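As provided, query.csv (CSV, C-alpha atoms) reads as follows.
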```
chain,number,residue,atom,x,y,z
H,120,MET,CA,-40.5,-48.9,75.4
H,121,ALA,CA,-39.7,-45.6,77.1
H,122,ILE,CA,-36.4,-46.0,78.9
H,123,VAL,CA,-35.5,-43.6,81.7
H,124,PHE,CA,-32.2,-43.3,83.6
H,125,HIS,CA,-31.3,-42.8,87.3
H,126,SER,CA,-27.9,-42.7,89.0
H,127,LEU,CA,-27.3,-45.7,91.3
H,128,THR,CA,-27.8,-44.2,94.8
H,129,ALA,CA,-28.3,-46.2,98.0
H,130,ASP,CA,-32.1,-46.0,97.7
H,131,ARG,CA,-32.0,-47.7,94.3
H,132,TRP,CA,-29.9,-50.7,95.6
H,133,PRO,CA,-32.9,-53.0,95.6
H,134,ASP,CA,-33.4,-52.2,91.9
H,135,LEU,CA,-29.8,-53.2,91.1
H,136,GLU,CA,-30.1,-56.3,93.2
H,137,ASP,CA,-33.2,-57.3,91.2
H,138,LEU,CA,-31.4,-56.6,87.9
H,139,PHE,CA,-28.3,-58.5,88.8
H,140,GLY,CA,-30.2,-61.3,90.6
H,141,PRO,CA,-29.8,-61.4,94.4
H,142,GLU,CA,-27.8,-64.6,94.3
H,143,ARG,CA,-26.3,-64.4,90.8
H,144,GLY,CA,-24.7,-61.0,90.9
H,145,ALA,CA,-24.8,-60.2,87.2
H,146,ASN,CA,-22.0,-61.7,85.2
H,147,SER,CA,-20.3,-64.5,87.1
H,148,GLY,CA,-21.1,-63.0,90.5
H,149,CYS,CA,-19.0,-59.9,89.8
H,150,TRP,CA,-21.3,-57.4,91.4
H,151,CYS,CA,-19.4,-54.8,89.3
H,152,LEU,CA,-16.5,-55.0,91.8
H,153,TRP,CA,-14.0,-56.6,89.4
H,154,PRO,CA,-12.7,-53.3,87.9
H,155,ARG,CA,-12.5,-51.6,91.3
H,156,VAL,CA,-10.1,-53.9,93.2
H,157,PRO,CA,-6.6,-55.4,92.4
H,158,ASN,CA,-6.6,-59.1,91.3
H,159,ALA,CA,-5.2,-60.5,94.5
H,160,GLU,CA,-7.9,-58.8,96.5
H,161,TRP,CA,-10.6,-60.0,94.0
H,162,GLN,CA,-9.4,-63.6,94.3
H,163,GLY,CA,-10.0,-63.5,98.0
H,164,LEU,CA,-13.6,-62.4,97.8
H,165,ASP,CA,-16.6,-64.8,97.4
H,166,ARG,CA,-19.8,-63.7,95.8
H,167,GLU,CA,-21.4,-62.4,99.0
H,168,ALA,CA,-18.3,-60.4,99.9
H,169,ARG,CA,-18.3,-58.8,96.5
H,170,LYS,CA,-21.9,-57.9,96.9
H,171,ALA,CA,-21.3,-56.4,100.3
H,172,ARG,CA,-18.3,-54.4,99.0
H,173,PHE,CA,-20.1,-53.0,96.1
H,174,ARG,CA,-23.1,-52.1,98.2
H,175,ALA,CA,-20.7,-50.2,100.5
H,176,VAL,CA,-19.4,-48.3,97.4
H,177,VAL,CA,-22.9,-47.4,96.5
H,178,GLU,CA,-23.8,-46.3,100.0
H,179,ALA,CA,-20.7,-44.2,100.4
H,180,GLY,CA,-21.3,-42.4,97.0
H,181,PRO,CA,-20.9,-40.8,94.7
H,182,PRO,CA,-23.0,-42.9,92.4
H,183,PRO,CA,-20.8,-45.5,90.6
H,184,GLY,CA,-23.1,-45.8,87.5
H,185,ILE,CA,-26.5,-45.5,85.9
H,186,LEU,CA,-29.5,-47.7,85.9
H,187,ALA,CA,-31.9,-47.9,82.9
H,188,TYR,CA,-35.6,-48.4,83.7
H,189,ASP,CA,-38.5,-49.7,81.6
H,190,ASN,CA,-41.4,-48.5,83.7
H,191,GLU,CA,-40.5,-49.4,87.3
H,192,THR,CA,-38.1,-52.2,86.4
H,193,ALA,CA,-34.3,-51.8,86.1
H,194,VAL,CA,-33.4,-53.3,82.7
H,195,GLY,CA,-29.8,-52.1,82.3
H,196,TRP,CA,-26.7,-50.9,84.0
H,197,VAL,CA,-23.5,-49.0,83.1
H,198,SER,CA,-20.6,-48.4,85.4
H,199,VAL,CA,-19.1,-44.9,85.0
H,200,GLY,CA,-17.0,-42.8,87.2
H,201,PRO,CA,-13.6,-41.2,87.7
H,202,ARG,CA,-10.7,-43.3,86.5
H,203,PRO,CA,-9.1,-43.5,90.0
H,204,THR,CA,-12.2,-45.4,91.3
H,205,VAL,CA,-11.5,-48.3,88.9
H,206,VAL,CA,-8.0,-49.6,90.0
H,207,ARG,CA,-7.9,-52.6,87.6
H,208,PHE,CA,-8.9,-50.4,84.6
H,209,ASN,CA,-6.0,-48.0,85.4
H,210,ARG,CA,-3.4,-50.8,85.9
H,211,SER,CA,-4.4,-53.0,82.9
H,212,ARG,CA,-1.9,-52.9,80.0
H,213,LEU,CA,-5.0,-52.6,77.7
H,214,SER,CA,-6.5,-49.5,79.3
H,215,ARG,CA,-3.8,-47.7,81.3
H,216,ASP,CA,-3.1,-44.1,80.4
H,217,GLU,CA,-1.2,-41.3,81.9
H,218,THR,CA,-4.0,-38.8,81.4
H,219,ARG,CA,-5.7,-38.2,84.7
H,220,ASP,CA,-7.2,-34.7,84.4
H,221,ALA,CA,-10.9,-35.4,85.3
H,222,VAL,CA,-11.1,-38.4,83.0
H,223,PHE,CA,-14.0,-40.8,83.7
H,224,ALA,CA,-14.1,-44.5,82.7
H,225,ILE,CA,-16.9,-46.8,81.5
H,226,THR,CA,-16.0,-50.3,82.5
H,227,CYS,CA,-19.2,-52.4,82.4
H,228,PHE,CA,-22.6,-52.9,80.9
H,229,TYR,CA,-25.3,-55.3,82.0
H,230,VAL,CA,-28.7,-55.7,80.4
H,231,ARG,CA,-31.5,-57.8,81.7
H,232,SER,CA,-32.4,-61.0,79.8
H,233,GLY,CA,-35.3,-60.3,77.6
H,234,HIS,CA,-34.1,-56.8,76.9
H,235,ARG,CA,-30.8,-57.6,75.2
H,236,ARG,CA,-30.4,-56.8,71.5
H,237,SER,CA,-33.1,-54.1,71.9
H,238,GLY,CA,-30.8,-51.0,71.6
H,239,ILE,CA,-30.3,-50.4,75.4
H,240,MET,CA,-26.5,-50.3,75.3
H,241,PRO,CA,-26.3,-47.1,73.1
H,242,LEU,CA,-28.9,-45.5,75.4
H,243,LEU,CA,-26.9,-46.4,78.5
H,244,LEU,CA,-23.7,-45.1,76.9
H,245,ASP,CA,-25.5,-41.8,76.2
H,246,ALA,CA,-26.6,-41.6,79.8
H,247,ALA,CA,-23.1,-42.4,81.0
H,248,ILE,CA,-21.6,-39.6,78.8
H,249,ALA,CA,-24.2,-37.1,80.2
H,250,PHE,CA,-23.4,-38.3,83.8
H,251,ALA,CA,-19.7,-37.8,83.2
H,252,ARG,CA,-20.2,-34.3,81.7
H,253,GLU,CA,-22.5,-33.3,84.5
H,254,ASN,CA,-19.9,-34.4,87.0
H,255,GLY,CA,-17.1,-32.3,85.5
H,256,ALA,CA,-15.3,-34.9,83.4
H,257,SER,CA,-13.0,-33.6,80.6
H,258,ALA,CA,-13.2,-37.0,78.8
H,259,VAL,CA,-14.5,-40.5,79.0
H,260,ASP,CA,-12.4,-43.6,78.4
H,261,ALA,CA,-13.5,-47.2,77.6
H,262,CYS,CA,-11.9,-50.4,76.4
H,263,PRO,CA,-14.7,-52.1,74.5
H,264,ILE,CA,-14.4,-55.3,72.5
H,265,ASP,CA,-13.8,-55.1,68.7
H,266,THR,CA,-14.3,-58.3,66.8
H,267,GLU,CA,-16.3,-59.7,63.9
H,268,ARG,CA,-16.7,-63.1,65.4
H,269,LYS,CA,-19.8,-64.0,67.4
H,270,LEU,CA,-19.4,-63.1,71.1
H,271,ILE,CA,-19.8,-65.7,73.7
H,272,TRP,CA,-22.2,-65.0,76.7
H,273,GLY,CA,-21.0,-62.2,78.9
H,274,GLU,CA,-18.0,-61.2,76.7
H,275,GLY,CA,-19.6,-57.9,75.7
H,276,PHE,CA,-19.8,-56.6,79.2
H,277,VAL,CA,-17.1,-54.1,78.4
H,278,GLY,CA,-19.2,-52.6,75.6
H,279,LEU,CA,-19.0,-52.9,71.8
H,280,PHE,CA,-16.5,-51.0,69.7
H,281,ARG,CA,-19.1,-50.0,67.1
H,282,VAL,CA,-21.4,-48.6,69.8
H,283,PHE,CA,-18.6,-46.4,71.2
H,284,GLN,CA,-17.5,-45.4,67.7
H,285,ALA,CA,-21.0,-44.3,66.8
H,286,ALA,CA,-21.1,-42.2,70.0
H,287,GLY,CA,-18.0,-40.3,68.8
H,288,PHE,CA,-15.2,-42.1,70.8
H,289,VAL,CA,-11.9,-42.4,69.0
H,290,GLU,CA,-9.2,-45.0,69.4
H,291,VAL,CA,-6.2,-43.7,71.3
H,292,ALA,CA,-4.3,-47.0,71.8
H,293,ARG,CA,-4.6,-50.6,70.8
H,294,ARG,CA,-2.5,-53.0,72.8
H,295,SER,CA,-4.6,-56.0,71.9
H,296,PRO,CA,-6.2,-56.9,68.6
H,297,THR,CA,-9.7,-56.9,70.0
H,298,ARG,CA,-9.6,-54.3,72.9
H,299,PRO,CA,-8.8,-50.7,71.9
H,300,LEU,CA,-8.6,-47.9,74.4
H,301,MET,CA,-11.1,-45.3,73.2
H,302,ARG,CA,-11.8,-41.8,74.4
H,303,LEU,CA,-14.5,-39.2,74.0
H,304,LYS,CA,-13.3,-35.6,74.8
H,305,LEU,CA,-16.1,-33.6,76.5
H,306,LYS,CA,-14.7,-30.1,76.8
H,307,ASN,CA,-15.9,-28.0,73.9
H,308,CYS,CA,-17.9,-31.0,72.8
H,309,ASP,CA,-21.3,-30.7,71.1
H,310,GLN,CA,-23.7,-31.8,73.8
H,311,SER,CA,-26.5,-32.6,71.4
H,312,ARG,CA,-24.8,-35.0,69.0
H,313,GLU,CA,-27.0,-36.8,66.5
H,314,ARG,CA,-27.7,-40.5,66.7
```
Mind turning the file's structure into structure tokens?
Amino acid sequence: MAIVFHSLTADRWPDLEDLFGPERGANSGCWCLWPRVPNAEWQGLDREARKARFRAVVEAGPPPGILAYDNETAVGWVSVGPRPTVVRFNRSRLSRDETRDAVFAITCFYVRSGHRRSGIMPLLLDAAIAFARENGASAVDACPIDTERKLIWGEGFVGLFRVFQAAGFVEVARRSPTRPLMRLKLKNCDQSRER
């Protein structure tokens, strides 16, 4: 399986829609809007409204993340962009941080059924890091899940601690037993790290 990556631009919306499921909207109808709006606003949006709002984000640009492709089929997604674009991530007690100097955030992963547990998450993470670096980020933050227990469906959408740790992220805060705030500094960072 040769995976290639493309930024989510407006012309690739049909690929995201196919990946998420036109009616389903990925994990619980989120359409990757959950980290982008305050809770009160989120509660007032149904699945179709979330889809429309996220499509508007994509069409307005810049790209809000990366799609992974196996041949012509989108098989994975990672949301990555400047921290100010993910309001809920910035306000959460788990992930808030005063550092704002060109810091990007990774808030979500989604992998197509049939491709899960095939090593796509680390590849998506590498693509997200490269995207952040190419777009002038000084660091990338994430708040993945860190637990030894078996995850229930959808719980790993924030990413897995061990995957971020293997990519060189370090823990900068832990305000919950299972959700550390992690950071990868990009300035003066070796761009060709080993896997």
Separation of CA of Gly278 in chain H from CA of Asn190 in chain H, in Å and rounded to one decimal: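 Those two atoms sit 24.0 Å apart.
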Pick from H:Arg174, H:His125, H:Arg202, H:Arg207, whichever lies nearest to Ala159 in chain H using all atoms listed in the file: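 So, comparing all the options, the nearest one is H:Arg207.
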I'd like to know which of H:Ala129, H:Ser232, H:Ala292, H:Leu305 is closest to Arg212 in chain H, using all atoms listed in the file.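 Of H:Ala129, H:Ser232, H:Ala292, H:Leu305, the one nearest Arg212 in chain H, counting all atoms listed in the file, is H:Ala292.
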For Gly200 in chain H, list every protein, DNA or RNA residue within 8 Å, evaluated using all atoms listed in the file, and leave out those in the same chain fewer than 6 positions away; present the list as a CSV table (one decimal) with C-alpha atoms, in the coordinates of the input.
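Ended up saving to part_32.csv:
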```
chain,number,residue,atom,x,y,z
H,182,PRO,CA,-23.0,-42.9,92.4
H,183,PRO,CA,-20.8,-45.5,90.6
H,184,GLY,CA,-23.1,-45.8,87.5
H,223,PHE,CA,-14.0,-40.8,83.7
H,224,ALA,CA,-14.1,-44.5,82.7
H,225,ILE,CA,-16.9,-46.8,81.5
H,251,ALA,CA,-19.7,-37.8,83.2
```
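The two atoms in question, CA of Thr297 in chain H and CA of Ile271 in chain H, are spaced 13.9 Å apart.
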What does the distance from CA of Phe288 in chain H to CA of Asp260 in chain H come to in Å, to one decimal? 8.2 Å
Out of H:Cys151, H:Asp189, H:Val205, H:Val194, which residue has the shortest atom-to-atom distance to Val230 in chain H when counting all atoms listed in the file?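 The shortest atom-to-atom distance to Val230 in chain H comes from H:Val194.
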Nearest-residue call for Val206 in chain H, choices H:Ser295, H:Asn158, H:Thr192, H:Thr266, using all atoms listed in the file: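 Among H:Ser295, H:Asn158, H:Thr192, H:Thr266, it is H:Asn158 that comes nearest to Val206 in chain H.
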Top pick for closest residue to Lys170 in chain H, considering H:Gly195, H:Glu136, H:Thr226, H:Ala187 and counting all atoms listed in the file: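 Of H:Gly195, H:Glu136, H:Thr226, H:Ala187, the one nearest Lys170 in chain H, counting all atoms listed in the file, is H:Glu136.
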Excluding Pro203 in chain H and any residue of its chain fewer than 6 positions from it, enumerate the residues within 10 Å of it, using all atoms listed in the file, and give them as a list in words. Arg155, Asn209, Arg219, Ala221, Val222, Phe223 and Ala224 of chain H
Counting only C-alpha atoms, which residue out of H:Phe280, H:Gly275, H:Val199, H:Ser214 sits closest to Arg252 in chain H?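 Smallest distance to Arg252 in chain H is found for H:Val199.
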Could I get range 282-312 of chain H from the block written out with N, CA, C and O atoms, as a short mmCIF file (atom, residue, chain, number, x, y, z; two decimals), in the first residue's frame?
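Result file out-v3.cif:
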```
data_model
loop_
_atom_site.label_atom_id
_atom_site.label_comp_id
_atom_site.auth_asym_id
_atom_site.auth_seq_id
_atom_site.Cartn_x
_atom_site.Cartn_y
_atom_site.Cartn_z
N VAL H 282 2.13 7.26 19.63
CA VAL H 282 2.43 7.68 18.26
C VAL H 282 3.08 9.07 18.27
O VAL H 282 4.07 9.30 17.58
N PHE H 283 2.56 9.96 19.09
CA PHE H 283 3.15 11.30 19.20
C PHE H 283 4.53 11.24 19.85
O PHE H 283 5.45 11.93 19.43
N GLN H 284 4.66 10.42 20.86
CA GLN H 284 5.95 10.28 21.54
C GLN H 284 7.01 9.76 20.56
O GLN H 284 8.13 10.26 20.53
N ALA H 285 6.65 8.77 19.75
CA ALA H 285 7.58 8.22 18.76
C ALA H 285 7.98 9.26 17.71
O ALA H 285 9.07 9.19 17.14
N ALA H 286 7.11 10.24 17.49
CA ALA H 286 7.39 11.30 16.51
C ALA H 286 8.22 12.43 17.11
O ALA H 286 8.52 13.40 16.42
N GLY H 287 8.55 12.34 18.39
CA GLY H 287 9.39 13.36 19.02
C GLY H 287 8.66 14.40 19.84
O GLY H 287 9.28 15.33 20.36
N PHE H 288 7.34 14.28 19.97
CA PHE H 288 6.58 15.20 20.82
C PHE H 288 6.94 14.95 22.28
O PHE H 288 7.18 13.81 22.68
N VAL H 289 6.97 16.02 23.06
CA VAL H 289 7.23 15.90 24.49
C VAL H 289 6.04 16.45 25.27
O VAL H 289 5.36 17.37 24.81
N GLU H 290 5.81 15.89 26.42
CA GLU H 290 4.72 16.33 27.27
C GLU H 290 5.07 17.67 27.91
O GLU H 290 6.14 17.81 28.50
N VAL H 291 4.17 18.65 27.78
CA VAL H 291 4.41 19.96 28.38
C VAL H 291 3.44 20.25 29.52
O VAL H 291 3.69 21.15 30.32
N ALA H 292 2.35 19.48 29.61
CA ALA H 292 1.40 19.63 30.72
C ALA H 292 0.53 18.38 30.75
O ALA H 292 0.29 17.75 29.73
N ARG H 293 0.05 18.05 31.96
CA ARG H 293 -0.89 16.93 32.11
C ARG H 293 -1.93 17.36 33.13
O ARG H 293 -1.69 17.32 34.32
N ARG H 294 -3.08 17.75 32.62
CA ARG H 294 -4.16 18.21 33.48
C ARG H 294 -5.25 17.17 33.63
O ARG H 294 -6.29 17.41 34.23
N SER H 295 -5.01 16.01 33.05
CA SER H 295 -5.90 14.85 33.12
C SER H 295 -5.01 13.62 33.09
O SER H 295 -3.97 13.63 32.42
N PRO H 296 -5.38 12.56 33.81
CA PRO H 296 -4.53 11.37 33.81
C PRO H 296 -4.29 10.78 32.42
O PRO H 296 -3.25 10.17 32.17
N THR H 297 -5.24 10.98 31.49
CA THR H 297 -5.12 10.30 30.20
C THR H 297 -4.96 11.23 29.00
O THR H 297 -4.91 10.77 27.86
N ARG H 298 -4.86 12.56 29.21
CA ARG H 298 -4.80 13.48 28.07
C ARG H 298 -3.70 14.53 28.26
O ARG H 298 -3.97 15.67 28.60
N PRO H 299 -2.44 14.16 28.00
CA PRO H 299 -1.36 15.14 28.12
C PRO H 299 -1.35 16.13 26.96
O PRO H 299 -1.71 15.79 25.83
N LEU H 300 -0.94 17.35 27.25
CA LEU H 300 -0.65 18.31 26.19
C LEU H 300 0.79 18.04 25.76
O LEU H 300 1.70 18.04 26.58
N MET H 301 0.96 17.81 24.46
CA MET H 301 2.29 17.48 23.93
C MET H 301 2.68 18.49 22.87
O MET H 301 1.82 19.05 22.19
N ARG H 302 3.99 18.68 22.70
CA ARG H 302 4.49 19.67 21.74
C ARG H 302 5.73 19.15 21.03
O ARG H 302 6.58 18.50 21.63
N LEU H 303 5.78 19.48 19.76
CA LEU H 303 6.98 19.24 18.96
C LEU H 303 7.47 20.60 18.47
O LEU H 303 6.74 21.29 17.74
N LYS H 304 8.67 20.99 18.88
CA LYS H 304 9.24 22.26 18.41
C LYS H 304 9.84 22.01 17.03
O LYS H 304 10.53 21.02 16.82
N LEU H 305 9.58 22.94 16.12
CA LEU H 305 10.03 22.76 14.74
C LEU H 305 11.23 23.60 14.37
O LEU H 305 11.98 23.21 13.49
N LYS H 306 11.43 24.73 15.00
CA LYS H 306 12.60 25.53 14.67
C LYS H 306 13.85 24.78 15.10
O LYS H 306 13.91 24.22 16.18
N ASN H 307 14.84 24.78 14.21
CA ASN H 307 16.10 24.06 14.44
C ASN H 307 15.87 22.57 14.68
O ASN H 307 16.64 21.91 15.35
N CYS H 308 14.79 22.06 14.13
CA CYS H 308 14.44 20.65 14.31
C CYS H 308 14.95 19.86 13.10
O CYS H 308 14.90 20.33 11.98
N ASP H 309 15.49 18.68 13.34
CA ASP H 309 15.94 17.82 12.27
C ASP H 309 14.73 17.43 11.42
O ASP H 309 13.83 16.77 11.89
N GLN H 310 14.74 17.86 10.16
CA GLN H 310 13.61 17.61 9.29
C GLN H 310 13.55 16.18 8.79
O GLN H 310 12.55 15.76 8.24
N SER H 311 14.57 15.40 8.96
CA SER H 311 14.56 14.03 8.46
C SER H 311 14.74 13.04 9.60
O SER H 311 15.65 12.24 9.62
N ARG H 312 13.85 13.11 10.58
CA ARG H 312 13.97 12.21 11.73
C ARG H 312 13.75 10.78 11.30
O ARG H 312 13.05 10.51 10.34
#
```
